[in-house]
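Working notes, structure below.
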Amino acid sequence: MTKVLIDCDPGIDDALALALTAGSSLDLVGITTVGGNVDLSLTTANALALREFLELGDVPVTPGSAGALLRHTVRAGHVHGATGLGDVLLPAPRRGPAPGHAVDFIVETLRARPGEITLVAVGPLTNLALAVRREPRVVEWARDLVIMGGSYTRGNHNPAAEFNMLADPEAAAIVFDAGWTVTMLGLDVTLTAVVTTQVLERMEPLGRLAELLVPAAQSYGVVTAESGPAIHDACAVAYLLDPSLFTCVPAVVNVETAGQFTRGMTVTDFKVGDRRANALVATSLDVKGFWDLVIGAYERLAGRLG
């Protein structure tokens, strides 16, 4: 059973990624939160509410960095709504967050189980960058690092940059330069993981879980028979469950931190040559296989939740 620590900024698609985790065979050892889609207070409150709604038990939720390392705050409330969860209404959490800071939790959790835990980051990379700076050995202690972020073609928050990278480019640059291999699931594949009418029809019968899935799936896009909103972050969890769904290519990725128009761009070079590839970059996704995996996990979770 793969042990995972998820660093996130819930966020509609973060919620769907956590639901996928809850319905899977993954062993979730912790959730850390970061300011991103909305402010840290909201991403943490959402993570706490999701922990209880998804019946994740005593998995600790530890808040982390409220903003970027150096620059002004970038948020996506216009996409995810004022609370971060769009039209989703969840009961208020009864339990609060774990004490301490996410960076300390990441470092100490990896220190205690070197080589066992895969980091999954689906928000700005501020917490991970600070963990690397505080204890460089986290690069050796992590079993793997999988992120949802970046793109080797175009951005979404602006023409050059994907949101998670733009929200803290300096942090992203630190993470990509740290010495591990980052598995980057960017917009090039996540924009193909869209909720269509057929997918929505498979979610609607799922009892209490449908109260989360259906409004989340429709919150930031129009669902049609051919297309709909992409559930980006769930791709990072799906990769852990079945990497064969993705085609990944070794590359050298540098994050632009100074460009006037390209700040946050993940500049991707697939012509590695004699350099060390610092990333595995996803270039395609088996969309049917992805949805069969995701809906299967949701169905198992719905069976437990009632």
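For the structure tokens, the naming scheme is as follows: chains receive sequential letters (A, B, ...) according to their order of presentation, residues are indexed from 1 within each chain, and ligands are indexed from 1 in presentation order.
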
Item to complete: Write out as a ChimeraX atom specification all residues of segment 83-244 of chain A that backbone DSSP assigns to strand (DSSP E or B).
Response: /A:117-121,144-148,182-185,194,230

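Close contacts of Pro99 of chain A, defined as residues with an atom at most 12 Å away when counting only C-alpha atoms, with chain neighbours fewer than 3 positions off set aside, comprise Thr32, Pro60, Val61, Thr62, Pro63, Gly64, Arg95, Gly96, Ala102, Val103, Asp104 and Phe105 of chain A.
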
For those residues, write C-alpha atoms to a file as an mmCIF file, in the first residue's frame.
data_model
loop_
_atom_site.group_PDB
_atom_site.id
_atom_site.type_symbol
_atom_site.label_atom_id
_atom_site.label_comp_id
_atom_site.auth_asym_id
_atom_site.auth_seq_id
_atom_site.Cartn_x
_atom_site.Cartn_y
_atom_site.Cartn_z
ATOM 1 C CA THR A 32 -0.924 19.818 4.495
ATOM 2 C CA PRO A 60 -3.746 15.025 10.399
ATOM 3 C CA VAL A 61 -4.486 18.264 8.573
ATOM 4 C CA THR A 62 -1.628 20.715 9.130
ATOM 5 C CA PRO A 63 -1.754 24.294 7.840
ATOM 6 C CA GLY A 64 1.296 25.754 6.167
ATOM 7 C CA ARG A 95 -12.274 19.056 14.700
ATOM 8 C CA GLY A 96 -9.520 21.542 14.149
ATOM 9 C CA ALA A 102 3.090 22.029 7.444
ATOM 10 C CA VAL A 103 6.806 22.417 6.688
ATOM 11 C CA ASP A 104 7.758 20.806 9.997
ATOM 12 C CA PHE A 105 5.181 18.060 9.443
#

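Of the residues listed (A:Val194, A:Leu42, A:Val4, A:Val223), A:Val4 shows the shortest atom-to-atom separation from Gly115 of chain A; distances use only C-alpha atoms.
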
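Of the listed residues A:Ala129, A:Leu285, A:Val252, A:Ala230, the one whose atoms come nearest to Leu16 of chain A is A:Ala230, with distances taken using only C-alpha atoms.
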
I want to know what sits within 10 Å of segment 86-88 of chain A, based on only C-alpha atoms, with residues of the same chain fewer than 4 positions away left out; could you give that as a count of residues only? 19

Point to revise | Contact residues around Met184 of chain A with only C-alpha atoms at 12 Å, ignoring same-chain residues under 4 positions, as a PyMOL selection string | key: chain A and resi 120-122+144-152+162+164-165+172+175-176+188-190+232-233+235-236+239+246-253+266+268+278-284

Using only C-alpha atoms, the residue out of A:Ala19, A:Ile6, A:Val59, A:Val267 with shortest distance to Gly155 of chain A is A:Val267

- Query: Near Val107 of chain A, within 12 Å and counting only C-alpha atoms, which residues show up once chain neighbours fewer than 6 positions away are dropped, as a list in words?
  - Reply: Leu5, Thr32, Gly100, His101, Arg113, Pro114, Ile117, Leu119, Asn127, Leu128, Ala129, Leu130, Ala131, Val132, Arg133, Arg134, Glu135, Pro136, Arg137, Val138, Val139, Glu140, Trp141 and Ala142 of chain A

Restricting to only C-alpha atoms, whichever of A:Thr262, A:Thr196, A:Ser24, A:Thr73 is closest to Asp242 of chain A is A:Ser24

Query raised in the report: Which parts of segment 78-260 of chain A does DSSP call alpha helix (DSSP H) when run on the backbone here, written out as a PyMOL selection string?
Result: chain A and resi 78-80+102-112+126-134+138-141+163-167+169-176+187-190+197-203+210-218+234-241

Polymer residues at most 7 Å from Leu26 of chain A, only C-alpha atoms, same-chain spacing of 4 or more positions, as number ranges by chain:
A: 1-4, 21

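Closest approach to Leu20 of chain A among A:Leu191, A:Ala277, A:Leu185, A:Leu50 is made by A:Leu50 (distances from only C-alpha atoms).
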